[in-house]
Every structure is written in C-alpha cells, then in structure tokens.
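Colleague: Got a structure for you, questions after.
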Amino acid sequence: MHSVDEWCTVELDTVFHSVINVWETEWDEDIGTVPPEDMVAAVKAARKTYPNKRILAHFIQPHHPFLGPTGREMVDSGMQGRKKAKGADVSTSANDEQKIWARLRQGDVSEQRVWEAYRENLKLLFPHLRELLDTVDGKTVVTSDHGNLVADWLWPFPVREYGHPGELRVPELIEVPWLVFDTDERIPIQSDRPLESGVEHGSTEIRDRLSDLGYHS
C-alpha cells in the first residue's frame, strides 16, 4: 500500500498499523509495475510479521500496464522500461506520453485489442491469487478499488470516456466484484497503534511510479 497527497484523501499511516510500500523494493523497471509474484511474496512476509492483523494487499494487475502476450505487443502503452530497451528517450514527463487509454481514444488501438490485453492481465493474476488463498487462513475477500471505462458512453451528455478519470461516479467504475473465501480457522485480530512507515509522501519517486501506471496530477 502507499499514500500520496494528491491521490489519497486519507493519511494511511494514521489509519493502518503498518503500511508496506512494496513498490519501493519490487518495482520492475522493464515492465513498469510490480509483478504479481513479488506481491504474493510480500503478502506472505506480512502475514508472518503480523499474524494477528488483517492484511490489505493491492495487486496492480489487471491495471495497465498489460503483461500478457497482447499487451507486450503494445510497446507504446506506457511501459517506460520497454522504451528504454529500444533506445528511446524517456526523460520527458509521463504526462506527455501516449498511455493506452489515450491511444484507444485516438483510434491507434482497437477496443477489441485493449479488452484482450486487459483479460490477459486479469487471467495471469489468477494463479497467484490461488497460491495466496491456499496458504492463508481465515476469511479472504477478493475485490477491486475501481473499474475501467473502455469507450463507454456517459450520460446525460453523450460522450465516450476511457480509463478511470477522477471525480466520476458511474456503474462501470464503482461496481466491483466481492468474492469471499473462508476457511474453518479464523485469525484472532489484535488492535495496536499505527507504526511510522518512513515514506516521504508526495516524493518524486512516488509520482514517477504513479505516472508509469497512468495517473497524472
């Protein structure tokens, strides 16, 4: 988890006992995100460190960047590491780059292609979720923090929208899955005061990571 002033209205360090910024240690520059297997390892480690705490884990997938075969063919979909590998100059602001939703809006890629890449990103996450479900006790809920608009029409003004723009409440963005997995053994939860995370909120590194994922201030 992480908290950034521009992106979160709640100071997470004062809400949760501990905030573990997995992106600080497990960010993969080649794909521009945190791989799901590294997130699984971080969750397992957190469970060992905090056996009597609820764990809230935020996997980036199926969020862009797309890591499946179709997504990997979209070399200009905002994955800066891929551009570096091709010798491109990535020193310009991510706000000026062609993110996947902008390319879809402009017709550079098709809706079918984006949906295919999105589904691949979701499916590649499933075995990692299964690994966690098979190793953690107690009640686990699999959900999402938001949906995405893929050229969906908005009303009352008939315009198409893409991605997940802020300050917009439509069913496609706010209606998310809620899958409950339960085991016979429940974990006793212990309440404690929050710890300091040591993260400087609003830092350049945080902004860069969010820009890689398509968030702009």
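Convention: chains lettered A, B, ... in structure tokens order; per-chain residue numbering from 1; ligands numbered from 1 as shown.
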Might you pull out every residue within 10 Å of A:Val141, with only C-alpha atoms counted and same-chain residues fewer than 4 positions away left off, and present them as a count of residues only?

Modeller: 8

Colleague: If we count only C-alpha atoms and set the cut-off at 12 Å, which residues sit around A:Ala45, ignoring sequence neighbours fewer than 3 positions away in its own chain? Please answer as a list of chain:residue names.

Modeller: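 The residues satisfying every condition are A:Ile20, A:Val22, A:Asp38, A:Met39, A:Val40, A:Ala41, A:Ala42, A:Lys48, A:Thr49, A:Tyr50, A:Pro51, A:Ile55, A:Ala57, A:Leu132, A:Thr135, A:Val136.
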
Colleague: With only C-alpha atoms as the atoms that count, which of A:Arg119, A:His64, A:His17, A:Arg72 lies nearest to A:Ala46?

Modeller: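 When distances to A:Ala46 are compared using only C-alpha atoms, the smallest one comes from A:His17.
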
Colleague: Within 9 Å of A:Asp137, counting only C-alpha atoms, which residues show up once you throw out same-chain ones fewer than 5 positions away? Write them as a PyMOL selection string, please.

Modeller: chain A and resi 182-187

Colleague: Quick one: pull the distance between atom CA of A:His128 and atom CA of A:Pro165, Å, one decimal.

Modeller: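 Atom-to-atom, atom CA of A:His128 to atom CA of A:Pro165, that is 28.2 Å.
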
Colleague: Tell me, as a PyMOL selection string, which residues lie within 8 Å of A:Ala117, counting only C-alpha atoms; anything in the same chain fewer than 6 positions away does not count.

Modeller: chain A and resi 66-71

Colleague: Env of stretch 147-164 of chain A: 9 Å cut, atoms = only C-alpha atoms, seq-sep filter 5 positions within chain, self excluded. Answer as a list in words.

Modeller: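 Contacts, in chain order: His63, Ile100, Trp101, Ala102, Leu104, Arg105, Glu111, Val114, Trp115, Val170, Pro171, Glu172, Leu173, Ile174, Glu175, Val176 and Gly214 of chain A.
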
Colleague: Between A:Gln61, A:Gln112, A:Asn52, A:Thr25, which residue has the minimum interatomic distance to A:Leu124, considering only C-alpha atoms?

Modeller: A:Gln61

Colleague: Pick from A:Thr14, A:Asn21, A:Ser110, A:Thr140: nearest to A:Leu195, with only C-alpha atoms counted?

Modeller: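 Using only C-alpha atoms, A:Leu195 sits closest to A:Thr14.
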
Colleague: Using the chain letters and numbers from this document, which residues of stretch 20-64 of chain A does DSSP assign to helix (DSSP H, G or I), as a ChimeraX atom specification?

Modeller: /A:23-26,36-49

Colleague: For the selection just defined, write its residues with C-alpha atoms to a file, as an mmCIF file, in the first residue's frame.

Modeller:
data_model
loop_
_atom_site.group_PDB
_atom_site.id
_atom_site.type_symbol
_atom_site.label_atom_id
_atom_site.label_comp_id
_atom_site.auth_asym_id
_atom_site.auth_seq_id
_atom_site.Cartn_x
_atom_site.Cartn_y
_atom_site.Cartn_z
ATOM 1 C CA TRP A 23 6.768 -0.752 -4.965
ATOM 2 C CA GLU A 24 9.875 0.615 -3.230
ATOM 3 C CA THR A 25 11.677 -2.731 -3.374
ATOM 4 C CA GLU A 26 9.872 -4.808 -6.010
ATOM 5 C CA PRO A 36 2.172 -10.293 -9.094
ATOM 6 C CA GLU A 37 4.550 -12.986 -7.833
ATOM 7 C CA ASP A 38 6.506 -10.366 -5.892
ATOM 8 C CA MET A 39 3.295 -9.084 -4.357
ATOM 9 C CA VAL A 40 2.437 -12.626 -3.260
ATOM 10 C CA ALA A 41 5.815 -12.932 -1.544
ATOM 11 C CA ALA A 42 5.273 -9.584 0.188
ATOM 12 C CA VAL A 43 1.841 -10.634 1.465
ATOM 13 C CA LYS A 44 3.221 -13.902 2.830
ATOM 14 C CA ALA A 45 6.002 -11.994 4.588
ATOM 15 C CA ALA A 46 3.488 -9.535 6.026
ATOM 16 C CA ARG A 47 1.390 -12.403 7.362
ATOM 17 C CA LYS A 48 4.428 -13.807 9.183
ATOM 18 C CA THR A 49 5.335 -10.388 10.579
#

Colleague: What gap, in Å, lies between atom CA of A:Val34 and atom CA of A:Glu116?

Modeller: 20.7 Å

Colleague: So which residues of stretch 132-205 of chain A fall under strand (DSSP E or B) by DSSP, listed as a PyMOL selection string?

Modeller: chain A and resi 140-143+149-154+159-163+178-181
